[in-house]
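Content type TSV, C-alpha atoms, from the file data.tsv:
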```
chain	number	residue	atom	x	y	z
C	37	MET	CA	0.00	0.00	0.00
C	38	SER	CA	1.42	3.38	-0.99
C	39	PRO	CA	1.54	6.07	1.72
C	40	GLN	CA	-0.83	8.32	-0.25
C	41	PHE	CA	-3.38	5.56	-0.73
C	42	GLY	CA	-3.15	4.73	2.96
C	43	LEU	CA	-3.93	8.32	3.92
C	44	ILE	CA	-6.95	8.40	1.58
C	45	LEU	CA	-8.19	5.07	2.98
C	46	PHE	CA	-7.91	6.38	6.55
C	47	GLN	CA	-9.88	9.50	5.66
C	48	VAL	CA	-12.61	7.47	3.98
C	49	ILE	CA	-12.89	5.14	6.99
C	50	VAL	CA	-13.20	8.06	9.40
C	51	LEU	CA	-15.64	9.92	7.16
C	52	VAL	CA	-17.96	6.92	6.75
C	53	LEU	CA	-17.94	6.29	10.50
C	54	ALA	CA	-18.57	9.98	11.18
C	55	PHE	CA	-21.55	10.00	8.80
C	56	SER	CA	-22.99	6.86	10.40
C	57	VAL	CA	-22.69	8.19	13.95
C	58	HIS	CA	-24.06	11.59	12.88
C	59	GLU	CA	-27.23	10.16	11.32
C	60	SER	CA	-27.69	7.60	14.09
C	61	ALA	CA	-27.58	10.47	16.58
C	62	HIS	CA	-30.38	12.25	14.69
C	63	ALA	CA	-32.48	9.08	14.60
C	64	TYR	CA	-31.84	8.18	18.24
C	65	MET	CA	-32.69	11.67	19.49
C	66	ALA	CA	-35.90	11.68	17.45
C	67	MET	CA	-36.85	8.31	18.92
C	68	ARG	CA	-36.21	9.54	22.46
C	69	LEU	CA	-38.38	12.60	21.82
C	70	GLY	CA	-41.33	10.54	20.58
C	71	ASP	CA	-40.83	10.13	16.83
C	72	PRO	CA	-40.05	6.48	15.89
C	73	THR	CA	-39.97	7.13	12.11
C	74	ALA	CA	-36.20	6.86	11.63
C	75	TYR	CA	-35.93	4.02	14.14
C	76	MET	CA	-38.57	1.99	12.28
C	77	LEU	CA	-36.63	2.55	9.04
C	78	GLY	CA	-33.48	1.13	10.62
C	79	ARG	CA	-31.58	4.39	10.91
C	80	VAL	CA	-30.45	3.89	14.53
C	81	THR	CA	-27.46	1.90	13.32
C	82	LEU	CA	-23.80	2.31	12.44
C	83	ASN	CA	-24.32	0.39	9.20
C	84	PRO	CA	-23.13	2.95	6.61
C	85	LEU	CA	-25.34	1.49	3.88
C	86	LYS	CA	-28.35	2.85	5.75
C	87	HIS	CA	-27.00	6.40	5.75
C	88	LEU	CA	-24.80	7.17	2.75
C	89	ASP	CA	-26.00	9.61	0.10
C	90	PRO	CA	-24.59	9.22	-3.45
C	91	ILE	CA	-23.84	12.94	-3.84
C	92	GLY	CA	-22.97	14.11	-0.32
C	93	SER	CA	-21.30	10.91	0.93
C	94	VAL	CA	-19.54	9.66	-2.20
C	95	PHE	CA	-19.26	12.18	-5.06
C	96	LEU	CA	-18.41	15.31	-3.08
C	97	PRO	CA	-15.83	13.61	-0.79
C	98	LEU	CA	-14.15	12.01	-3.84
C	99	ILE	CA	-13.89	15.41	-5.53
C	100	ALA	CA	-12.50	16.85	-2.29
C	101	LEU	CA	-9.88	14.09	-2.09
C	102	VAL	CA	-8.81	14.57	-5.71
C	103	TYR	CA	-8.45	18.36	-5.41
C	104	HIS	CA	-7.20	18.34	-1.80
C	105	TRP	CA	-10.21	20.30	-0.53
C	106	PRO	CA	-11.52	19.97	3.03
C	107	LEU	CA	-13.16	16.54	3.33
C	108	ILE	CA	-16.80	17.48	3.93
C	109	GLY	CA	-20.19	16.22	2.86
C	110	TRP	CA	-23.48	14.93	4.16
C	111	ALA	CA	-25.39	11.68	4.51
C	112	LYS	CA	-28.94	10.68	3.58
C	113	PRO	CA	-31.38	12.95	5.49
C	114	CYS	CA	-32.86	11.38	8.58
C	115	PRO	CA	-36.66	11.06	8.17
C	116	ILE	CA	-38.53	12.96	10.86
C	117	THR	CA	-42.27	13.28	11.52
C	118	PRO	CA	-42.54	16.49	13.61
C	119	ARG	CA	-46.18	15.90	14.60
C	120	ASN	CA	-44.98	13.02	16.77
C	121	PHE	CA	-43.05	15.43	18.98
C	122	SER	CA	-44.58	16.83	22.17
C	123	HIS	CA	-42.88	20.18	21.50
C	124	PRO	CA	-42.36	20.29	17.70
C	125	ARG	CA	-40.17	23.41	17.50
C	126	ARG	CA	-37.93	22.58	20.44
C	127	ASP	CA	-37.66	18.89	19.59
C	128	ASP	CA	-36.87	19.53	15.92
C	129	ILE	CA	-34.01	21.81	17.01
C	130	LEU	CA	-32.69	19.17	19.43
C	131	VAL	CA	-32.83	16.47	16.75
C	132	SER	CA	-31.05	18.78	14.28
C	133	LEU	CA	-28.27	19.59	16.73
C	134	ALA	CA	-27.76	15.95	17.76
C	135	GLY	CA	-25.83	15.20	14.56
C	136	PRO	CA	-23.20	17.96	14.81
C	137	ALA	CA	-22.95	17.34	18.56
C	138	SER	CA	-22.06	13.70	17.83
C	139	ASN	CA	-19.23	14.82	15.54
C	140	LEU	CA	-17.87	17.15	18.22
C	141	ALA	CA	-18.08	14.28	20.72
C	142	MET	CA	-16.21	11.95	18.34
C	143	ALA	CA	-13.48	14.56	17.82
C	144	THR	CA	-13.15	14.91	21.59
C	145	VAL	CA	-12.92	11.14	22.08
C	146	ALA	CA	-10.24	10.94	19.37
C	147	LEU	CA	-8.33	13.74	21.12
C	148	ILE	CA	-8.46	11.90	24.45
C	149	LEU	CA	-7.23	8.69	22.80
C	150	LEU	CA	-4.39	10.62	21.15
C	151	LEU	CA	-3.36	12.05	24.51
C	152	ILE	CA	-3.31	8.56	26.01
C	153	PHE	CA	-1.41	7.32	22.96
C	154	LYS	CA	1.06	10.18	23.26
C	155	HIS	CA	1.88	9.46	26.91
C	156	ALA	CA	2.11	5.72	26.25
C	157	GLY	CA	5.15	6.23	24.03
C	158	GLY	CA	3.50	7.30	20.78
C	159	GLY	CA	4.44	10.97	20.99
C	160	PRO	CA	6.63	11.06	17.82
C	161	ALA	CA	3.89	9.29	15.84
C	162	VAL	CA	1.25	11.75	17.09
C	163	PHE	CA	3.30	14.82	16.13
C	164	ALA	CA	4.10	13.26	12.76
C	165	ALA	CA	0.37	12.73	12.16
C	166	MET	CA	-0.31	16.37	13.03
C	167	SER	CA	2.27	17.48	10.45
C	168	VAL	CA	1.01	15.13	7.73
C	169	ALA	CA	-2.74	15.86	7.98
C	170	PRO	CA	-2.84	19.37	6.41
C	171	GLY	CA	-1.14	18.50	3.12
C	172	GLY	CA	-0.61	14.76	3.15
C	173	VAL	CA	3.20	15.03	3.34
C	174	SER	CA	5.71	15.21	6.17
C	175	THR	CA	9.39	15.98	6.63
C	176	VAL	CA	9.48	13.15	9.17
C	177	ASP	CA	10.33	9.61	8.02
C	178	THR	CA	7.07	7.97	9.06
C	179	SER	CA	8.34	4.56	7.98
C	180	ALA	CA	10.50	4.63	11.11
C	181	LEU	CA	7.39	5.13	13.26
C	182	PRO	CA	5.44	1.85	13.54
C	183	LEU	CA	2.70	3.56	15.56
C	184	PHE	CA	2.15	6.24	12.92
C	185	PRO	CA	-0.87	4.57	11.18
C	186	ALA	CA	-2.83	4.39	14.44
C	187	ALA	CA	-1.96	8.00	15.31
C	188	MET	CA	-2.90	9.15	11.81
C	189	LEU	CA	-6.27	7.41	11.96
C	190	LEU	CA	-7.03	9.01	15.33
C	191	TYR	CA	-5.91	12.45	14.21
C	192	TYR	CA	-8.16	12.24	11.16
C	193	GLY	CA	-10.85	11.43	13.70
C	194	VAL	CA	-10.23	14.91	15.11
C	195	THR	CA	-9.92	16.89	11.88
C	196	ILE	CA	-12.74	15.29	9.89
C	197	ASN	CA	-15.25	15.31	12.73
C	198	LEU	CA	-14.50	18.96	13.49
C	199	LEU	CA	-14.99	19.77	9.80
C	200	LEU	CA	-18.37	18.03	9.79
C	201	PHE	CA	-19.33	19.76	13.03
C	202	VAL	CA	-18.67	23.21	11.57
C	203	PHE	CA	-19.97	22.42	8.08
C	204	ASN	CA	-23.30	21.00	9.23
C	205	LEU	CA	-24.00	24.04	11.41
C	206	ILE	CA	-23.95	26.34	8.37
C	207	PRO	CA	-27.55	27.63	8.12
C	208	ILE	CA	-28.05	26.71	4.46
C	209	PRO	CA	-30.53	23.97	3.40
C	210	PRO	CA	-30.23	21.00	3.65
C	211	LEU	CA	-27.62	21.27	6.44
C	212	ASP	CA	-28.56	20.91	10.10
C	213	GLY	CA	-28.05	24.59	10.82
C	214	SER	CA	-30.89	25.42	8.44
C	215	HIS	CA	-33.30	23.22	10.43
C	216	VAL	CA	-32.54	25.34	13.47
C	217	LEU	CA	-32.79	28.71	11.73
C	218	ARG	CA	-36.06	27.95	9.96
C	219	GLN	CA	-37.80	27.50	13.31
C	220	PHE	CA	-37.45	31.24	13.87
C	221	LEU	CA	-38.51	32.44	10.41
C	222	PRO	CA	-41.98	33.71	9.41
C	223	TYR	CA	-43.88	31.22	7.25
C	224	ASN	CA	-43.51	33.13	3.97
C	225	VAL	CA	-39.81	33.73	4.55
C	226	GLU	CA	-39.30	30.07	5.44
C	227	ARG	CA	-40.85	28.97	2.12
C	228	ILE	CA	-38.38	31.11	0.18
C	229	TYR	CA	-35.52	30.02	2.44
C	230	ASN	CA	-36.23	26.33	1.84
C	231	ARG	CA	-35.89	26.90	-1.92
C	232	ILE	CA	-32.28	27.98	-1.58
C	233	GLY	CA	-31.33	24.33	-1.35
C	234	MET	CA	-28.27	23.03	-3.13
C	235	PHE	CA	-27.64	26.26	-5.04
C	236	GLY	CA	-27.05	28.18	-1.83
C	237	LEU	CA	-24.84	25.43	-0.51
C	238	LEU	CA	-22.70	25.40	-3.65
C	239	LEU	CA	-22.33	29.18	-3.50
C	240	VAL	CA	-21.15	28.94	0.09
C	241	PHE	CA	-18.80	26.08	-0.74
C	242	PHE	CA	-17.11	27.78	-3.70
C	243	PHE	CA	-17.16	31.42	-2.58
C	244	GLY	CA	-17.54	31.48	1.19
C	245	GLY	CA	-15.72	28.36	2.26
C	246	SER	CA	-12.42	30.03	3.13
C	247	LEU	CA	-14.19	32.65	5.25
C	248	ILE	CA	-16.33	30.10	7.11
C	249	PHE	CA	-13.53	27.64	7.74
C	250	GLY	CA	-11.06	30.39	8.53
C	251	THR	CA	-13.45	31.90	11.06
C	252	PHE	CA	-14.70	28.74	12.73
C	253	TYR	CA	-12.93	25.52	11.74
C	254	TYR	CA	-9.27	26.48	11.92
C	255	PRO	CA	-9.55	28.28	15.28
C	256	LEU	CA	-11.43	25.27	16.69
C	257	LEU	CA	-8.83	22.85	15.33
C	258	GLY	CA	-6.17	25.12	16.79
C	259	VAL	CA	-7.67	24.66	20.25
C	260	PHE	CA	-7.57	20.86	19.86
C	261	ASP	CA	-3.98	21.02	18.56
C	262	ARG	CA	-2.86	23.17	21.48
C	263	VAL	CA	-4.41	20.75	23.94
C	264	LEU	CA	-2.76	17.81	22.18
C	265	GLY	CA	0.60	19.57	22.03
C	266	SER	CA	0.69	20.89	25.58
C	267	LEU	CA	-0.85	18.14	27.72
```
Let me see the structure of the file written as structure tokens.
Amino acid sequence: MSPQFGLILFQVIVLVLAFSVHESAHAYMAMRLGDPTAYMLGRVTLNPLKHLDPIGSVFLPLIALVYHWPLIGWAKPCPITPRNFSHPRRDDILVSLAGPASNLAMATVALILLLIFKHAGGGPAVFAAMSVAPGGVSTVDTSALPLFPAAMLLYYGVTINLLLFVFNLIPIPPLDGSHVLRQFLPYNVERIYNRIGMFGLLLVFFFGGSLIFGTFYYPLLGVFDRVLGSL
């Protein structure tokens, strides 16, 4: 296996797991709040085949890998029946936020595992992974670090889950942030807002991505990196 192929494989593994946990969190929260729709359709599962979307989970990530863009995307929307909720507005917001919250939780778990890994003798492998992740190359000879693959997989668990956390909170349909914002819009405005759809998302991706990620993602990743480097 070539080093480059190994890095791509690690990213795909982490991304698929992140999608599965994200959608399962939506479905589980909906079930707990009284809507069994997603549960009955088998969406409370880590089986990726139940969650992956051809465009958001396959096509867009492949394009991102080829052009070295941030590895982002989305999974198949979780089916929700709001009338089953006791408090439709509040519960829809909670269900919407459950997905991004799960990605933040996964990034935090990966960080904790990296800290344990670091203090168990894997420090050089952890720092090598941190240097490789941004561009896929490193000045360190990773072949001399047998623990590097495990550290790299965990560090992608941090970077990719933080990307999905920030990306899904963007208030543009169909992302989770839009489900929160629309609860506070007048009916007529909401109808227009829902029509933005994929066109608005593509505009943000191509023209506003650097601003969004520069404002939110990179500072958040910087916090995680400082914790990993200093503890």
Which of these, C:Thr73, C:Thr81, C:Asn224, C:Gln219, has the shortest distance to C:Arg119 once you count all atoms listed in the file?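 Selected residue with least distance to C:Arg119: C:Thr73.
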Residues near C:Leu88, cut-off 10 Å, all atoms listed in the file, skip fewer than 2 positions along chain, as a ChimeraX atom specification: /C:52,55-56,59,83-86,90-94,110-113
Could you give me, as CSV, a per-residue list for stretch 179-213 of chain C showing, wherever an atom lies at most 12 Å from an atom of stretch 141-150 of chain C, the closest pair of atoms and their distance in Å to one decimal, using only C-alpha atoms and sorting by chain then residue number from low to high?
```
residue,atom,partner,partner_atom,distance
C:Leu183,CA,C:Leu150,CA,11.5
C:Phe184,CA,C:Leu150,CA,11.4
C:Ala186,CA,C:Leu150,CA,9.3
C:Ala187,CA,C:Leu150,CA,6.8
C:Met188,CA,C:Leu150,CA,9.6
C:Leu189,CA,C:Ala146,CA,9.1
C:Leu190,CA,C:Ala146,CA,5.5
C:Tyr191,CA,C:Ala146,CA,6.9
C:Tyr192,CA,C:Ala146,CA,8.6
C:Gly193,CA,C:Ala146,CA,5.7
C:Val194,CA,C:Ala143,CA,4.2
C:Thr195,CA,C:Ala143,CA,7.3
C:Ile196,CA,C:Ala143,CA,8.0
C:Asn197,CA,C:Ala143,CA,5.4
C:Leu198,CA,C:Ala143,CA,6.3
C:Leu199,CA,C:Ala143,CA,9.7
C:Leu200,CA,C:Ala143,CA,10.0
C:Phe201,CA,C:Ala143,CA,9.2
C:Val202,CA,C:Ala143,CA,11.9
```
Atomic distance atom CA of C:His87 - atom CA of C:Pro39, expressed in Å with one decimal: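 About the pair atom CA of C:His87 and atom CA of C:Pro39: they are 28.8 Å apart.
Atom CA of C:Ala165 is positioned 17.8 Å from atom CA of C:Leu256.
If you look at atom CA of C:Asp261 and atom CA of C:Val131, they are 29.3 Å away from each other.
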Check the smallest atom-to-atom distance from each of C:Ala134, C:Val216, C:Leu51, C:Ala156 to C:Arg68 using only C-alpha atoms, then report the winner. C:Ala134
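Minimum atom-to-atom distance to C:Trp105, evaluated using all atoms listed in the file, belongs to C:Phe249 out of C:Phe249, C:Phe153, C:Phe41, C:Tyr229.
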